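Below is upload-v2.cif, holding mmCIF, C-alpha atoms and all ligand atoms.
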```
data_my_file
loop_
_atom_site.label_atom_id
_atom_site.label_comp_id
_atom_site.auth_asym_id
_atom_site.auth_seq_id
_atom_site.Cartn_x
_atom_site.Cartn_y
_atom_site.Cartn_z
CA MET A 1 21.73 21.46 12.19
CA ASP A 2 19.47 21.31 15.26
CA ARG A 3 17.39 18.22 14.50
CA SER A 4 15.06 18.48 17.48
CA ARG A 5 14.25 22.08 16.54
CA LEU A 6 13.57 21.00 12.95
CA ALA A 7 11.31 18.21 14.22
CA ALA A 8 9.33 20.65 16.38
CA ASP A 9 8.96 23.08 13.46
CA PHE A 10 7.93 20.22 11.18
CA ALA A 11 5.27 19.04 13.65
CA ARG A 12 3.84 22.57 13.80
CA ASP A 13 4.17 23.76 10.19
CA GLY A 14 4.44 20.61 8.07
CA ALA A 15 7.50 21.99 6.23
CA VAL A 16 11.10 22.80 7.21
CA CYS A 17 14.35 23.75 5.52
CA ALA A 18 17.56 21.85 6.39
CA ARG A 19 20.43 24.03 5.25
CA GLY A 20 23.48 22.31 3.76
CA ALA A 21 21.93 18.87 4.18
CA VAL A 22 23.88 17.25 1.34
CA ALA A 23 27.68 17.11 1.16
CA ALA A 24 29.41 18.61 -1.90
CA ASP A 25 30.59 15.29 -3.39
CA LEU A 26 27.14 13.70 -3.21
CA LEU A 27 25.56 16.90 -4.53
CA ALA A 28 27.90 16.72 -7.56
CA ARG A 29 26.84 13.10 -8.26
CA VAL A 30 23.16 14.00 -7.85
CA THR A 31 23.54 17.01 -10.18
CA ALA A 32 25.15 14.78 -12.83
CA ALA A 33 22.29 12.29 -12.43
CA VAL A 34 19.71 15.08 -12.81
CA ASP A 35 21.37 16.13 -16.06
CA GLU A 36 21.43 12.53 -17.34
CA ASN A 37 17.76 12.20 -16.36
CA ILE A 38 16.85 15.37 -18.30
CA ALA A 39 18.75 14.07 -21.32
CA SER A 40 17.18 10.63 -21.01
CA PRO A 41 13.66 10.93 -19.55
CA SER A 42 11.65 7.83 -18.69
CA GLU A 43 8.29 6.87 -20.15
CA LEU A 44 6.64 8.55 -17.13
CA ALA A 45 8.12 11.97 -17.99
CA GLN A 46 5.72 14.79 -18.86
CA VAL A 47 5.94 18.45 -19.80
CA ALA A 48 3.65 20.37 -17.42
CA SER A 49 3.75 23.68 -19.31
CA THR A 50 2.08 24.85 -22.49
CA ALA A 51 3.83 24.92 -25.88
CA ASP A 52 3.88 28.74 -25.85
CA ASP A 53 5.56 28.99 -22.44
CA PRO A 54 8.93 30.74 -22.95
CA GLY A 55 10.46 28.17 -20.61
CA ARG A 56 9.44 24.58 -19.88
CA PHE A 57 8.36 22.60 -16.81
CA LEU A 58 9.61 19.01 -17.10
CA GLU A 59 8.68 16.31 -14.62
CA ASP A 60 9.83 12.72 -14.38
CA PHE A 61 9.29 9.98 -11.82
CA CYS A 62 10.66 6.72 -10.43
CA ASN A 63 14.19 6.77 -11.79
CA TRP A 64 16.19 5.64 -8.74
CA GLN A 65 16.91 2.25 -10.32
CA ARG A 66 18.51 3.99 -13.33
CA PHE A 67 20.46 6.63 -11.38
CA PRO A 68 22.30 5.27 -8.33
CA ALA A 69 22.94 8.82 -7.06
CA TYR A 70 19.19 9.18 -6.41
CA LEU A 71 19.26 6.08 -4.19
CA GLU A 72 22.41 7.37 -2.51
CA LEU A 73 20.62 10.65 -1.83
CA ALA A 74 17.65 8.79 -0.37
CA HIS A 75 19.96 6.84 1.97
CA ALA A 76 21.78 10.03 3.01
CA LEU A 77 18.60 11.88 3.97
CA ALA A 78 16.55 8.98 5.37
CA PRO A 79 17.80 9.57 8.95
CA LEU A 80 16.48 13.13 8.90
CA ALA A 81 13.20 11.99 7.32
CA ARG A 82 12.90 9.43 10.14
CA THR A 83 13.51 12.07 12.81
CA LEU A 84 10.96 14.46 11.30
CA MET A 85 8.30 11.75 11.03
CA GLY A 86 9.15 10.40 14.48
CA CYS A 87 9.31 6.89 13.04
CA ARG A 88 11.41 3.77 13.53
CA SER A 89 11.52 2.79 9.84
CA VAL A 90 11.86 4.60 6.53
CA ARG A 91 11.23 3.23 3.04
CA LEU A 92 11.83 4.83 -0.34
CA TYR A 93 8.50 5.45 -2.08
CA HIS A 94 9.71 7.19 -5.26
CA ASP A 95 11.75 10.03 -6.73
CA HIS A 96 10.35 12.99 -8.69
CA LEU A 97 12.33 15.26 -11.00
CA LEU A 98 11.00 18.84 -11.35
CA VAL A 99 12.83 21.14 -13.76
CA LYS A 100 11.72 24.66 -14.60
CA GLU A 101 13.90 26.04 -17.36
CA ALA A 102 14.79 29.74 -17.27
CA ALA A 103 11.80 31.97 -18.10
CA THR A 104 9.20 29.32 -17.27
CA GLN A 105 5.88 31.04 -16.59
CA GLN A 106 3.97 27.92 -15.64
CA VAL A 107 3.10 27.97 -11.96
CA THR A 108 2.83 24.85 -9.85
CA PRO A 109 -0.74 25.13 -8.53
CA TRP A 110 -1.33 24.78 -4.81
CA HIS A 111 -1.91 21.13 -3.94
CA GLN A 112 -1.26 18.33 -1.47
CA ASP A 113 0.71 15.32 -2.67
CA GLN A 114 -0.93 12.43 -0.89
CA PRO A 115 -4.32 12.55 -2.67
CA TYR A 116 -2.45 11.74 -5.91
CA TYR A 117 -0.81 8.66 -4.34
CA ASP A 118 -1.97 5.16 -3.53
CA VAL A 119 -0.86 5.47 0.08
CA GLU A 120 -2.79 5.98 3.33
CA GLY A 121 -1.33 6.83 6.72
CA ARG A 122 0.24 9.87 8.35
CA ASP A 123 3.91 8.98 7.85
CA VAL A 124 4.58 10.21 4.32
CA ILE A 125 7.15 12.91 3.71
CA SER A 126 8.82 14.58 0.71
CA MET A 127 12.31 15.99 0.43
CA TRP A 128 12.80 18.68 -2.28
CA LEU A 129 16.42 19.41 -3.20
CA PRO A 130 17.46 22.06 -5.74
CA VAL A 131 20.79 21.72 -7.51
CA ASP A 132 20.55 25.36 -8.66
CA PRO A 133 20.20 28.45 -6.47
CA VAL A 134 16.51 29.22 -5.96
CA PRO A 135 15.48 32.80 -5.14
CA ALA A 136 12.44 33.52 -2.98
CA GLU A 137 10.29 34.37 -6.04
CA SER A 138 10.51 30.85 -7.48
CA THR A 139 10.94 28.71 -4.39
CA LEU A 140 8.47 26.12 -3.21
CA GLU A 141 5.96 27.66 -0.80
CA PHE A 142 3.80 26.04 1.85
CA VAL A 143 0.67 26.90 3.82
CA ALA A 144 1.87 26.19 7.35
CA GLY A 145 -0.29 23.80 9.35
CA THR A 146 -2.29 22.34 6.45
CA HIS A 147 -0.72 18.91 7.08
CA LEU A 148 -3.07 18.71 10.07
CA GLY A 149 -6.15 19.35 7.96
CA PRO A 150 -8.28 17.30 5.57
CA TRP A 151 -7.41 15.81 2.20
CA LEU A 152 -8.26 18.28 -0.58
CA MET A 153 -9.30 17.64 -4.17
CA PRO A 154 -6.38 16.70 -6.44
CA ARG A 155 -6.66 18.10 -9.96
CA THR A 156 -4.44 17.96 -13.04
CA PHE A 157 -2.05 20.90 -13.00
CA MET A 158 -2.93 22.38 -16.37
CA GLN A 159 -6.53 21.44 -17.25
CA ARG A 160 -7.67 21.28 -13.59
CA GLU A 161 -9.47 17.98 -14.18
CA SER A 162 -10.49 15.68 -11.33
CA LYS A 163 -8.94 12.42 -12.53
CA TRP A 164 -8.63 10.87 -9.10
CA PHE A 165 -11.33 11.34 -6.48
CA PRO A 166 -14.88 11.85 -7.84
CA GLU A 167 -16.05 15.47 -8.20
CA GLY A 168 -17.51 16.75 -4.94
CA SER A 169 -16.01 14.00 -2.78
CA LEU A 170 -13.30 16.23 -1.27
CA SER A 171 -13.23 19.96 -0.49
CA GLU A 172 -11.47 22.13 -3.04
CA VAL A 173 -8.08 23.75 -2.44
CA PRO A 174 -8.79 27.38 -1.42
CA ALA A 175 -7.93 30.22 -3.83
CA ILE A 176 -4.76 31.08 -1.95
CA ASP A 177 -3.24 33.43 -4.53
CA GLU A 178 -6.36 35.61 -4.48
CA ASP A 179 -5.76 36.46 -0.82
CA ARG A 180 -2.21 35.45 0.09
CA ASP A 181 -2.10 37.60 3.22
CA SER A 182 -4.84 35.50 4.80
CA PHE A 183 -2.71 32.36 4.74
CA PRO A 184 0.43 31.54 6.75
CA ILE A 185 2.68 31.04 3.72
CA ILE A 186 6.27 29.95 4.37
CA GLY A 187 9.20 29.23 2.02
CA TRP A 188 12.92 29.79 1.77
CA PRO A 189 15.42 31.07 -0.80
CA LEU A 190 17.70 28.07 -1.30
CA SER A 191 21.25 27.15 -2.22
CA PRO A 192 22.20 23.85 -3.86
CA GLY A 193 22.44 21.27 -1.08
CA ASP A 194 19.69 22.78 1.07
CA ALA A 195 16.84 20.31 1.51
CA VAL A 196 13.22 21.20 2.14
CA PHE A 197 11.14 18.52 3.82
CA PHE A 198 7.34 18.63 3.84
CA HIS A 199 4.47 16.42 4.88
CA ALA A 200 2.51 14.82 2.04
CA LEU A 201 -0.62 16.73 3.13
CA THR A 202 0.99 20.17 3.39
CA LEU A 203 -0.45 22.48 0.75
CA HIS A 204 2.37 23.69 -1.49
CA GLY A 205 2.95 25.40 -4.82
CA SER A 206 5.40 27.60 -6.66
CA ARG A 207 5.44 30.39 -9.20
CA GLY A 208 7.22 30.39 -12.53
CA SER A 209 10.99 30.71 -12.60
CA SER A 210 13.09 33.33 -14.36
CA THR A 211 16.23 31.25 -13.70
CA ARG A 212 16.87 27.57 -14.38
CA ARG A 213 15.56 25.53 -11.41
CA ARG A 214 16.55 21.84 -11.42
CA VAL A 215 15.11 19.89 -8.48
CA ILE A 216 15.13 16.26 -7.41
CA SER A 217 12.59 15.21 -4.82
CA ILE A 218 12.58 11.99 -2.79
CA ARG A 219 9.41 10.71 -1.17
CA PHE A 220 9.72 8.58 1.96
CA LEU A 221 7.27 6.28 3.76
CA GLY A 222 7.34 5.83 7.53
CA ASP A 223 5.89 3.35 9.99
CA ASP A 224 2.15 3.68 9.38
CA ALA A 225 2.17 4.33 5.61
CA ARG A 226 0.52 1.54 3.64
CA ARG A 227 -0.42 1.08 0.04
CA VAL A 228 -4.08 0.94 -0.88
CA GLU A 229 -5.86 -0.10 -4.04
CA ARG A 230 -7.22 2.82 -6.06
CA HIS A 231 -9.70 2.59 -8.92
CA TRP A 232 -7.74 5.10 -10.96
CA ARG A 233 -4.18 5.59 -12.25
CA CYS A 234 -2.22 7.29 -9.48
CA SER A 235 0.51 9.85 -9.93
CA PRO A 236 3.03 8.41 -10.18
CA PRO A 237 1.62 5.03 -11.27
CA ILE A 238 3.64 2.42 -9.37
CA PRO A 239 3.11 -1.28 -10.13
CA ALA A 240 1.13 -3.14 -7.46
CA ASP A 241 4.00 -5.59 -6.91
CA ALA A 242 6.70 -2.92 -6.49
CA THR A 243 8.84 -3.14 -3.39
CA PHE A 244 10.02 -0.06 -1.55
CA PRO A 245 13.63 -0.34 -0.34
CA ARG A 246 14.08 -0.08 3.41
CA LEU A 247 16.46 2.81 4.10
CA GLN A 248 16.32 2.94 7.90
O1 LIG B 301 8.82 22.04 -7.96
C1 LIG B 301 7.68 22.47 -8.00
O2 LIG B 301 7.37 23.54 -8.53
C2 LIG B 301 6.57 21.67 -7.40
C3 LIG B 301 7.02 20.63 -6.44
C4 LIG B 301 5.95 19.76 -5.93
O3 LIG B 301 4.78 20.00 -6.13
C5 LIG B 301 6.33 18.58 -5.19
O4 LIG B 301 7.53 18.31 -5.02
O5 LIG B 301 5.42 17.86 -4.74
#
```
Written as structure tokens, that's how I'd like the structure from this file.
Amino acid sequence: MDRSRLAADFARDGAVCARGAVAADLLARVTAAVDENIASPSELAQVASTADDPGRFLEDFCNWQRFPAYLELAHALAPLARTLMGCRSVRLYHDHLLVKEAATQQVTPWHQDQPYYDVEGRDVISMWLPVDPVPAESTLEFVAGTHLGPWLMPRTFMQRESKWFPEGSLSEVPAIDEDRDSFPIIGWPLSPGDAVFFHALTLHGSRGSSTRRRVISIRFLGDDARRVERHWRCSPPIPADATFPRLQ
């Protein structure tokens, strides 16, 4: 893996793919943890698909204290997160489970992550790791370069409600799927153990999934990231007194 090349691509595009980033033994422990997590979701878990969807889109958050393999994964990939952010320090912000069962039609609408958080600063990065093969049709896609642009309106995935910033206070996410050729969309077919890293402001989304697509994502904070008080419940809601383990 050419880390300086990845860092240059990340600075330009806001998203990169690190092939084979996780060793087979750790990947096996993470896969087992994902399965335990699915079988035993936390109180933050939610189904982000409708009852008539032939599949199901399950999300869960903040489970690293229950599943040591998630923390191990965060430690293993923190050095790469640090290189990509160009930071001296890396902290674990949270983990996010994203499972699309086979035949899920629910899309993940285009969005940025940071407007849902209670964090300001440029050094915020996500790592998205599938434990199943992911073909191009159902992979996570990105609009290259949007990490350099403004914050855009966060909305709930299904009802499209503005539960965070007041209506009109941020520009809306453009209708990317109506004119995909006008946007520099990037994404990669993935094998288990490949890790996609993206900036918390990079616009991203995905389609439904005909095959089962189990993913664990780790979100990292770098040097200038700081928590701020919000007047609404953030996603995920993290207690004000939570500490974020230093990984690097
Ligand atoms: O897995 C997906 O479909 C969406 C992932 C996503 O939005 C994220 O990791 O922030």
Please provide as a PyMOL selection string all residues within 8 Å of region 232-240 of chain A, with the sequence filter that same-chain residues fewer than 5 positions apart are discarded (counting only C-alpha atoms).
-> chain A and resi 44+61-62+116-118+163-164
Residues within 8 Å of ligand LIG 301 (chain B) (only C-alpha atoms and all ligand atoms), as an NGL selection string?
-> :A and (96 or 98-100 or 107-113 or 126-128 or 139-140 or 200 or 204-208 or 215 or 217)
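When all atoms listed in the file are used to measure the gap to Asp25 (chain A), the shortest distance among A:Val196, A:Leu73, A:Ala7, A:Ala242 belongs to A:Leu73.
Excluding Gly222 (chain A) itself and same-chain residues fewer than 4 positions from it, the residues having an atom within 8 Å of it are Arg82, Met85, Cys87, Arg88, Ser89, Val90, Arg91, Asp123 and Val124 of chain A, counting all atoms listed in the file.
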CA of Ile125 (chain A) to CA of Gly14 (chain A): how many Å, to one decimal?
-> 9.3 Å
